[in-house]
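Pasted below: model-v2.tsv, TSV, C-alpha atoms and all ligand atoms.
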```
chain	number	residue	atom	x	y	z
A	10	MET	CA	0.40	25.61	-0.84
A	11	SER	CA	-0.91	26.70	2.50
A	12	ILE	CA	0.46	29.41	4.71
A	13	ALA	CA	1.80	27.74	7.81
A	14	VAL	CA	2.02	29.36	11.20
A	15	GLN	CA	5.66	30.10	11.84
A	16	ASP	CA	7.09	28.80	15.05
A	17	PRO	CA	10.51	30.19	15.93
A	18	GLU	CA	11.09	27.51	18.57
A	19	THR	CA	10.14	24.54	16.49
A	20	ASP	CA	12.57	21.71	15.93
A	21	HIS	CA	10.39	20.06	13.33
A	22	ALA	CA	12.08	19.34	10.03
A	23	ASN	CA	9.25	20.80	7.96
A	24	ALA	CA	8.61	23.83	10.08
A	25	ASP	CA	7.80	26.01	7.09
A	26	GLU	CA	5.05	23.66	6.00
A	27	THR	CA	3.68	22.22	9.21
A	28	TYR	CA	1.24	24.08	11.37
A	29	ALA	CA	2.84	24.54	14.76
A	30	LEU	CA	2.25	26.84	17.69
A	31	THR	CA	4.17	27.08	20.93
A	32	LEU	CA	2.11	28.86	23.56
A	33	SER	CA	3.92	31.61	25.44
A	34	ASP	CA	4.09	31.15	29.21
A	35	PRO	CA	1.32	33.75	29.78
A	36	GLU	CA	-0.87	31.97	27.20
A	37	SER	CA	-0.18	28.63	28.84
A	38	HIS	CA	-1.13	30.10	32.23
A	39	GLU	CA	-4.35	31.57	30.78
A	40	PHE	CA	-5.14	28.13	29.33
A	41	SER	CA	-4.47	26.41	32.64
A	42	LEU	CA	-7.03	28.65	34.40
A	43	LEU	CA	-9.60	27.76	31.76
A	44	ALA	CA	-8.84	24.04	32.03
A	45	LYS	CA	-9.13	24.20	35.82
A	46	LYS	CA	-12.47	25.95	35.52
A	47	LEU	CA	-13.69	23.10	33.34
A	48	THR	CA	-12.47	20.45	35.78
A	49	THR	CA	-14.73	21.94	38.45
A	50	THR	CA	-17.75	22.30	36.18
A	51	MET	CA	-20.51	19.94	37.29
A	52	PRO	CA	-20.89	17.04	37.00
A	53	GLU	CA	-17.09	16.80	36.59
A	54	VAL	CA	-17.60	13.77	34.35
A	55	ILE	CA	-16.26	14.02	30.82
A	56	ASP	CA	-18.90	12.16	28.88
A	57	ASP	CA	-21.86	13.96	30.39
A	58	ALA	CA	-23.67	16.10	27.80
A	59	LYS	CA	-23.80	19.12	30.13
A	60	TRP	CA	-20.09	18.97	30.75
A	61	VAL	CA	-19.40	18.62	27.02
A	62	ALA	CA	-21.59	21.66	26.36
A	63	ALA	CA	-19.68	23.64	29.00
A	64	ALA	CA	-16.41	22.61	27.36
A	65	ARG	CA	-17.68	23.77	23.97
A	66	GLU	CA	-18.63	27.15	25.39
A	67	LEU	CA	-15.36	27.58	27.31
A	68	SER	CA	-13.35	26.60	24.22
A	69	ALA	CA	-14.30	30.00	22.77
A	70	GLU	CA	-12.12	31.52	25.53
A	71	LEU	CA	-8.93	29.69	24.55
A	72	PRO	CA	-5.97	32.00	23.87
A	73	LEU	CA	-6.57	33.96	20.67
A	74	ARG	CA	-3.49	32.71	18.82
A	75	LEU	CA	-4.54	29.13	19.50
A	76	ARG	CA	-8.03	29.76	18.11
A	77	GLN	CA	-6.54	31.48	15.08
A	78	THR	CA	-4.22	28.53	14.46
A	79	LEU	CA	-7.03	25.99	14.82
A	80	ARG	CA	-9.20	27.97	12.42
A	81	ALA	CA	-6.45	28.21	9.80
A	82	TYR	CA	-5.63	24.50	10.12
A	83	ARG	CA	-9.29	23.56	9.80
A	84	HIS	CA	-9.58	25.66	6.65
A	85	ASP	CA	-6.62	23.91	5.04
A	86	PRO	CA	-4.39	21.47	6.92
A	87	GLY	CA	-1.24	22.23	4.91
A	88	GLU	CA	1.02	19.85	3.07
A	89	ASP	CA	1.52	17.57	6.08
A	90	GLY	CA	-2.04	17.63	7.41
A	91	VAL	CA	-0.55	17.91	10.90
A	92	LEU	CA	-0.82	20.54	13.63
A	93	ILE	CA	1.58	20.56	16.55
A	94	LEU	CA	0.83	22.51	19.72
A	95	ARG	CA	3.43	22.99	22.45
A	96	ASN	CA	3.69	24.31	26.00
A	97	LEU	CA	0.17	23.24	26.91
A	98	PRO	CA	-0.39	23.38	30.69
A	99	VAL	CA	0.24	19.70	31.52
A	100	ASP	CA	2.05	19.37	34.86
A	101	GLU	CA	3.99	16.16	34.39
A	102	GLY	CA	5.08	16.12	38.03
A	103	SER	CA	1.53	15.84	39.32
A	104	LEU	CA	0.34	13.04	37.02
A	105	PRO	CA	-0.78	9.73	38.49
A	106	LEU	CA	0.88	6.53	37.25
A	107	THR	CA	0.33	5.63	33.60
A	108	PRO	CA	-2.61	3.20	33.37
A	109	THR	CA	-1.83	-0.34	32.22
A	110	VAL	CA	-5.32	-1.79	31.80
A	111	PRO	CA	-6.84	-2.59	28.40
A	112	GLU	CA	-9.40	-0.17	26.96
A	113	SER	CA	-8.34	2.52	29.39
A	114	VAL	CA	-10.35	5.73	29.13
A	115	GLU	CA	-10.54	8.95	31.07
A	116	ARG	CA	-13.90	9.65	32.68
A	117	THR	CA	-12.85	12.14	35.35
A	118	ALA	CA	-12.45	15.75	34.35
A	119	THR	CA	-8.71	16.10	35.00
A	120	VAL	CA	-6.69	19.07	33.71
A	121	PRO	CA	-5.07	17.09	30.86
A	122	ALA	CA	-8.48	15.70	29.83
A	123	ALA	CA	-9.92	19.22	29.94
A	124	ILE	CA	-7.05	20.47	27.74
A	125	SER	CA	-7.77	17.75	25.16
A	126	VAL	CA	-11.51	18.40	25.15
A	127	LEU	CA	-11.21	22.20	25.01
A	128	ILE	CA	-8.90	22.18	22.01
A	129	THR	CA	-10.80	19.42	20.21
A	130	SER	CA	-14.13	21.19	20.79
A	131	GLN	CA	-12.77	24.36	19.23
A	132	LEU	CA	-11.51	22.45	16.20
A	133	GLY	CA	-14.80	20.64	15.56
A	134	GLU	CA	-17.42	18.42	17.16
A	135	ILE	CA	-15.80	16.09	19.66
A	136	ALA	CA	-17.03	12.51	19.19
A	137	ALA	CA	-16.34	8.87	19.96
A	138	TYR	CA	-17.61	5.47	18.77
A	139	ARG	CA	-19.99	3.27	20.75
A	140	ASP	CA	-18.11	0.11	19.72
A	141	GLU	CA	-14.65	1.40	20.57
A	142	LYS	CA	-13.27	2.09	24.08
A	143	SER	CA	-16.79	2.17	25.50
A	144	GLY	CA	-17.59	5.34	23.61
A	145	ALA	CA	-15.41	7.53	25.85
A	146	LEU	CA	-14.56	10.96	24.47
A	147	VAL	CA	-11.07	10.92	26.01
A	148	GLN	CA	-9.16	7.69	25.54
A	149	ASN	CA	-5.83	6.68	27.00
A	150	VAL	CA	-3.16	5.59	24.56
A	151	VAL	CA	-0.96	3.44	26.77
A	152	PRO	CA	0.98	0.20	26.29
A	153	VAL	CA	-0.88	-2.79	27.73
A	154	PRO	CA	0.80	-5.97	29.01
A	155	GLY	CA	0.12	-8.90	26.68
A	156	ARG	CA	-0.94	-6.63	23.79
A	157	GLU	CA	2.59	-5.82	22.62
A	158	GLU	CA	2.01	-7.22	19.14
A	159	SER	CA	-1.51	-5.92	18.66
A	160	GLN	CA	-2.17	-3.57	15.75
A	161	SER	CA	-3.80	-1.08	18.09
A	162	ASN	CA	-2.70	1.78	20.28
A	163	ALA	CA	-2.20	-0.71	23.17
A	164	GLY	CA	0.71	-2.31	21.32
A	165	SER	CA	4.40	-1.48	21.30
A	166	THR	CA	5.66	-3.18	18.14
A	167	PRO	CA	5.42	-0.96	15.02
A	168	LEU	CA	1.86	0.16	14.33
A	169	GLU	CA	1.05	0.23	10.62
A	170	LEU	CA	0.20	3.52	8.98
A	171	HIS	CA	-3.56	4.00	8.94
A	172	VAL	CA	-6.41	6.40	8.52
A	173	GLU	CA	-8.31	6.28	11.81
A	174	ASN	CA	-11.36	4.04	11.62
A	175	ALA	CA	-11.03	3.94	7.85
A	176	PHE	CA	-13.87	1.40	7.58
A	177	HIS	CA	-16.39	3.68	9.30
A	178	PRO	CA	-18.82	5.77	7.21
A	179	HIS	CA	-18.19	8.63	9.66
A	180	ARG	CA	-14.49	8.29	10.31
A	181	PRO	CA	-13.08	11.20	12.30
A	182	ASP	CA	-11.97	14.27	10.39
A	183	PHE	CA	-9.23	14.92	12.96
A	184	VAL	CA	-7.41	12.79	15.52
A	185	GLY	CA	-5.90	14.58	18.52
A	186	LEU	CA	-3.05	13.12	20.57
A	187	LEU	CA	-2.04	14.99	23.73
A	188	CYS	CA	1.15	13.75	25.38
A	189	LEU	CA	0.94	13.54	29.17
A	190	ARG	CA	4.12	11.52	29.54
A	191	ASN	CA	6.59	10.42	26.91
A	192	ASP	CA	8.20	7.02	27.13
A	193	PRO	CA	11.38	7.28	29.21
A	194	ALA	CA	13.64	6.19	26.32
A	195	ASN	CA	12.06	8.67	23.86
A	196	ALA	CA	11.74	5.76	21.42
A	197	ALA	CA	7.99	5.91	20.80
A	198	GLY	CA	7.09	8.25	18.01
A	199	THR	CA	3.91	8.97	16.12
A	200	LEU	CA	4.58	8.36	12.44
A	201	VAL	CA	2.82	10.76	10.10
A	202	SER	CA	2.66	10.99	6.34
A	203	SER	CA	0.34	12.79	3.96
A	204	ILE	CA	-1.15	12.13	0.56
A	205	ARG	CA	-0.21	15.68	-0.44
A	206	ARG	CA	3.46	14.75	-0.01
A	207	THR	CA	3.00	11.28	-1.50
A	208	LEU	CA	0.89	11.78	-4.61
A	209	ARG	CA	3.69	13.11	-6.79
A	210	ARG	CA	5.80	10.03	-5.96
A	211	LEU	CA	3.21	7.71	-7.53
A	212	ALA	CA	3.20	6.72	-11.19
A	213	PRO	CA	0.04	7.83	-13.07
A	214	ASP	CA	-1.15	4.24	-13.61
A	215	VAL	CA	-0.83	3.54	-9.87
A	216	ARG	CA	-2.84	6.67	-9.05
A	217	ASP	CA	-5.53	5.61	-11.50
A	218	VAL	CA	-5.94	2.25	-9.79
A	219	LEU	CA	-6.07	3.85	-6.33
A	220	LEU	CA	-8.88	6.13	-7.57
A	221	GLN	CA	-11.01	3.10	-8.44
A	222	GLU	CA	-13.30	1.02	-6.20
A	223	ARG	CA	-10.96	-1.95	-5.87
A	224	PHE	CA	-10.37	-2.13	-2.09
A	225	THR	CA	-12.17	-3.18	1.08
A	226	THR	CA	-11.45	-2.29	4.69
A	227	VAL	CA	-12.35	-4.13	7.91
A	228	PRO	CA	-12.73	-2.57	11.37
A	229	PRO	CA	-9.54	-2.24	13.46
A	230	PRO	CA	-8.99	-4.58	16.44
A	231	SER	CA	-10.07	-1.82	18.85
A	232	PHE	CA	-13.63	-2.12	17.50
A	233	HIS	CA	-15.96	-4.70	19.01
A	234	ALA	CA	-18.43	-4.62	16.13
A	235	GLY	CA	-18.74	-3.37	12.58
A	236	ASP	CA	-18.66	-4.73	9.07
A	237	ALA	CA	-16.14	-4.60	6.28
A	238	THR	CA	-16.79	-1.81	3.82
A	239	ALA	CA	-18.18	-2.27	0.36
A	240	VAL	CA	-15.50	-1.91	-2.30
A	241	HIS	CA	-14.08	1.59	-2.15
A	242	ALA	CA	-11.39	3.75	-3.70
A	243	VAL	CA	-8.31	4.59	-1.65
A	244	LEU	CA	-7.96	8.04	-3.22
A	245	ILE	CA	-11.19	10.02	-3.19
A	246	GLY	CA	-12.14	13.40	-4.63
A	247	ASP	CA	-9.98	15.69	-6.76
A	248	PRO	CA	-7.35	13.45	-8.40
A	249	GLU	CA	-4.84	16.30	-7.97
A	250	ASP	CA	-5.51	16.73	-4.24
A	251	PRO	CA	-7.49	13.71	-3.06
A	252	ASN	CA	-8.53	12.50	0.36
A	253	VAL	CA	-7.10	9.16	1.40
A	254	LYS	CA	-8.92	6.20	2.95
A	255	VAL	CA	-6.59	3.32	3.75
A	256	ASP	CA	-5.35	1.27	6.69
A	257	PHE	CA	-2.37	-0.87	5.75
A	258	HIS	CA	-3.40	-3.46	8.31
A	259	ALA	CA	-7.12	-3.47	7.51
A	260	THR	CA	-7.43	-2.63	3.80
A	261	THR	CA	-7.12	-5.31	1.13
A	262	ALA	CA	-7.13	-5.08	-2.64
A	263	VAL	CA	-9.71	-7.09	-4.54
A	264	ASP	CA	-7.39	-7.93	-7.48
A	265	PRO	CA	-3.63	-8.36	-8.02
A	266	GLN	CA	-3.13	-5.07	-9.87
A	267	ALA	CA	-4.83	-3.20	-7.05
A	268	ALA	CA	-2.62	-5.08	-4.55
A	269	VAL	CA	0.49	-3.79	-6.33
A	270	ALA	CA	-0.87	-0.22	-6.30
A	271	LEU	CA	-1.57	-0.52	-2.56
A	272	GLU	CA	2.00	-1.70	-1.95
A	273	ARG	CA	3.38	1.23	-3.98
A	274	LEU	CA	1.26	3.63	-1.96
A	275	ARG	CA	2.54	2.16	1.30
A	276	ASP	CA	6.15	2.51	0.15
A	277	ALA	CA	5.54	6.13	-0.86
A	278	PHE	CA	3.88	6.94	2.46
A	279	ILE	CA	6.79	5.41	4.36
A	280	ASP	CA	9.33	7.33	2.25
A	281	ALA	CA	7.51	10.59	2.91
A	282	SER	CA	6.83	9.93	6.60
A	283	SER	CA	8.24	11.74	9.58
A	284	THR	CA	8.27	10.79	13.24
A	285	LEU	CA	6.88	13.05	15.93
A	286	VAL	CA	8.26	12.29	19.34
A	287	LEU	CA	5.74	14.07	21.51
A	288	ARG	CA	6.81	15.35	24.89
A	289	SER	CA	4.67	16.14	27.88
A	290	GLY	CA	2.48	19.15	27.12
A	291	GLU	CA	2.59	18.70	23.34
A	292	MET	CA	-0.41	17.80	21.25
A	293	ALA	CA	-0.54	16.70	17.63
A	294	PHE	CA	-3.58	16.74	15.40
A	295	VAL	CA	-3.71	14.66	12.26
A	296	ASP	CA	-6.15	15.59	9.50
A	297	ASN	CA	-7.60	12.12	8.90
A	298	ARG	CA	-8.53	12.92	5.26
A	299	VAL	CA	-5.11	14.07	4.12
A	300	ALA	CA	-2.69	12.40	6.53
A	301	ILE	CA	-2.20	8.91	7.86
A	302	HIS	CA	-0.45	7.90	11.06
A	303	GLY	CA	1.17	5.01	12.87
A	304	ARG	CA	3.67	4.49	15.66
A	305	THR	CA	7.27	3.33	15.97
A	306	ALA	CA	8.24	0.44	18.26
A	307	PHE	CA	9.22	0.99	21.88
A	308	THR	CA	9.82	-1.07	24.99
A	309	PRO	CA	7.22	-0.62	27.72
A	310	ARG	CA	8.19	-1.17	31.34
A	311	TYR	CA	4.70	-1.31	32.89
A	312	ASP	CA	6.03	0.51	35.94
A	313	GLY	CA	3.62	3.45	35.84
A	314	HIS	CA	6.01	5.68	33.87
A	315	ASP	CA	5.29	4.47	30.36
A	316	ARG	CA	4.15	6.66	27.53
A	317	TRP	CA	0.67	8.12	28.03
A	318	LEU	CA	-1.38	10.07	25.50
A	319	HIS	CA	-4.97	11.26	25.54
A	320	ARG	CA	-6.73	10.65	22.23
A	321	THR	CA	-9.74	12.62	21.02
A	322	PHE	CA	-11.60	12.79	17.72
A	323	ALA	CA	-13.20	15.77	16.00
A	324	LEU	CA	-15.77	15.59	13.24
A	325	LEU	CA	-16.92	18.55	11.22
A	326	ASP	CA	-20.58	19.16	10.55
A	327	ASN	CA	-22.77	17.77	13.30
A	328	ARG	CA	-25.78	17.38	11.00
A	329	ARG	CA	-23.92	15.06	8.64
A	330	THR	CA	-23.53	12.51	11.45
A	331	ARG	CA	-26.91	13.04	13.13
A	332	GLY	CA	-28.37	9.73	11.90
A	333	SER	CA	-25.52	7.87	13.62
A	334	ARG	CA	-25.66	9.77	16.93
A	335	PRO	CA	-28.50	8.49	19.10
A	336	GLY	CA	-30.10	11.22	21.16
A	337	ASN	CA	-28.06	13.90	19.35
A	338	GLY	CA	-25.16	13.01	21.68
A	339	SER	CA	-21.43	12.75	21.04
A	340	VAL	CA	-21.22	8.99	20.52
A	341	LEU	CA	-21.51	7.50	17.05
A	342	ALA	CA	-23.18	4.14	16.59
B	401	LIG	O1	0.57	5.95	19.69
B	401	LIG	C1	0.50	6.77	18.76
B	401	LIG	O2	1.32	7.68	18.62
B	401	LIG	C2	-0.61	6.67	17.77
B	401	LIG	C3	-1.50	5.51	18.04
B	401	LIG	C4	-2.71	5.53	17.16
B	401	LIG	O3	-2.67	5.26	16.01
B	401	LIG	C5	-3.99	5.97	17.74
B	401	LIG	O4	-4.09	6.08	18.95
B	401	LIG	O5	-4.91	6.21	16.95
B	402	FE	FE	-4.60	5.65	15.07
```
Starting from the file, lay out its structure as structure tokens.
Ligand SMILES: O=C(O)CCC(=O)C(=O)O
Ligand SMILES: [Fe+2]
Amino acid sequence: MSIAVQDPETDHANADETYALTLSDPESHEFSLLAKKLTTTMPEVIDDAKWVAAARELSAELPLRLRQTLRAYRHDPGEDGVLILRNLPVDEGSLPLTPTVPESVERTATVPAAISVLITSQLGEIAAYRDEKSGALVQNVVPVPGREESQSNAGSTPLELHVENAFHPHRPDFVGLLCLRNDPANAAGTLVSSIRRTLRRLAPDVRDVLLQERFTTVPPPSFHAGDATAVHAVLIGDPEDPNVKVDFHATTAVDPQAAVALERLRDAFIDASSTLVLRSGEMAFVDNRVAIHGRTAFTPRYDGHDRWLHRTFALLDNRRTRGSRPGNGSVLA
């Protein structure tokens, strides 16, 4: 069992197990100065390599307790595989309207985008995918008119639990979600569940099947290219503490017994899941090896005040992905 960072102000049900840190007001102020410095760093464009390098360097100046928390979480993500950060310097009052266009990304170095990139760059190597959201490092998670039913972050009907980009050989190690604006009804929640909480709920024969190469996974709808995987196991590594690779919308079993095991796993994940209703200035990270995530349903209004998150990905070990990153940049092919 990991040692979690205690947060006296947390209202999370599993506070003793979940990594959480609420910045003090002085820490939040210190962070806001750093974020502002990054917004005025030339060329003030997020995806530019020079700007990304400046963000990486400045991330070493984040408040000490935040760096300590990120380091501990990276070492071992705890039972839930989730990290929650609060009181980040997002000024909700000065936000523009929530975007409503498909494939919305953030290219301008705004303060919220700088916050996302600074934290993500301290956790690991920030990265994006060429075939998803035009390879932008900071992506907007917003409801999009006409996409309500889509199994993507543009939808507003329930989004199935998934490992992010489960089909991809270099799926992210961490997914970051910074809340700029929560949905006015507080209905939208990020669902999270972890294999560490789920494993003991599975019968041994079900675990055995999930450890075998009896599943395939296709790219999610947000991807414009990519092939289905070869057959793969859903539980990978130490059978007592495995990584998980599954997307309940995109993974299929290759035989009936495997299909039953997959259904049992889904039930167990749902039983063990909790809902994070992020508020403005809160950021959640999900360890994409140990935890899976989804989203509850909500009703968008498309009036500029809908829910708005920034999404970022971190991968560990830049060399491991080098063959998939043309020009040694941040975008994976
Ligand atoms: O909207 C959310 O809370 C999560 C959506 C999601 O799965 C994603 O953006 O990767
Ligand atoms: Fe996701």
Coordinates-based distance that separates atom CA of A:Asn297 from atom CA of A:Asn327 (Å, one decimal) =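 Atom CA of A:Asn327 sits 16.8 Å away from atom CA of A:Asn297.
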Residue neighbourhood A:Gly246, 12 Å, only C-alpha atoms, exclusion window fewer than 5 positions, as a list in words | Leu219, Leu220, Gln221, Pro251, Asn252, Val253, Lys254, Arg298 and Val299 of chain A
From the set A:Arg329, A:Arg65, A:Arg275, A:Lys59, which residue has the shortest atom-to-atom contact distance to A:Leu211, counting all atoms listed in the file?
-> A:Arg275
Box for stretch 188-197 of chain A: with edges along x, y and z, all listed atoms inside and 8 Å added on each side, what are the centre and edge lengths in Å to one decimal, as AutoDock Vina command-line options?
```
--center_x 7.3 --center_y 9.8 --center_z 25.2 --size_x 28.7 --size_y 24.0 --size_z 24.7
```
Which of these, A:Asn191, A:Thr261, A:Ser103, A:Ser159, has the shortest distance to A:Gly290 once you count only C-alpha atoms?
->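 Answer, going by the shortest atom-to-atom distance: A:Asn191.
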Which one of A:Tyr28, A:Trp60, A:Phe322, A:Tyr82 sits closest to ligand LIG 401 (chain B) if you count all atoms listed in the file?
-> A:Phe322
Of the listed residues A:Gln148, A:Ser283, A:Thr238, A:Thr226, that which approaches ligand LIG 401 (chain B) most closely, counting all atoms listed in the file | A:Gln148
Could you please extract the residues within 9 Å of ligand LIG 401 (chain B), counting all atoms listed in the file, and hand them back as a PyMOL selection string?
-> chain A and resi 148-152+160-165+168-174+184-186+197-200+285-287+301-305+316-321
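Look at A:Ala270: the protein and nucleic acid residues within 8 Å of it, using all atoms listed in the file and passing over chain neighbours fewer than 5 places away, are Val215, Arg216, Val218 and Leu219 of chain A.
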Tell me which of A:Ala268, A:Ile124, A:Ala29, A:Ala212 sits closest to A:Ala44, counting only C-alpha atoms.
->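 Looking only at the distances to A:Ala44, the closest residue turns out to be A:Ile124.
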Which one of A:Cys188, A:Val201, A:Leu104, A:Leu71 sits closest to A:Asp280 if you count only C-alpha atoms?
->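 Checking each candidate against A:Asp280, we get A:Val201 as the closest.
Atom pair atom CA of A:Asp315 / atom CA of A:Asp192 has a distance of 5.0 Å (rounded to one decimal).
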Point-to-point distance in Å for atom CA of A:Glu115 and atom CA of A:Ser143 | 10.8 Å
Nearby residues (all atoms listed in the file) at most 8 Å from A:Ala237, same-chain spacing under 6 positions excluded, as a PyMOL selection string = chain A and resi 176+225-228
Go ahead and dump the residues you just picked, C-alpha atoms, as a short mmCIF file (atom, residue, chain, number, x, y, z; two decimals), keeping the file's coordinate frame.
```
data_model
loop_
_atom_site.label_atom_id
_atom_site.label_comp_id
_atom_site.auth_asym_id
_atom_site.auth_seq_id
_atom_site.Cartn_x
_atom_site.Cartn_y
_atom_site.Cartn_z
CA PHE A 176 -13.87 1.40 7.58
CA THR A 225 -12.17 -3.18 1.08
CA THR A 226 -11.45 -2.29 4.69
CA VAL A 227 -12.35 -4.13 7.91
CA PRO A 228 -12.73 -2.57 11.37
#
```
Just the residues within 9 Å of A:Leu43, please, counting only C-alpha atoms, with nothing from its chain fewer than 2 positions along; format it as a PyMOL selection string.
-> chain A and resi 38-41+45-48+67-68+70-71+123-124+127
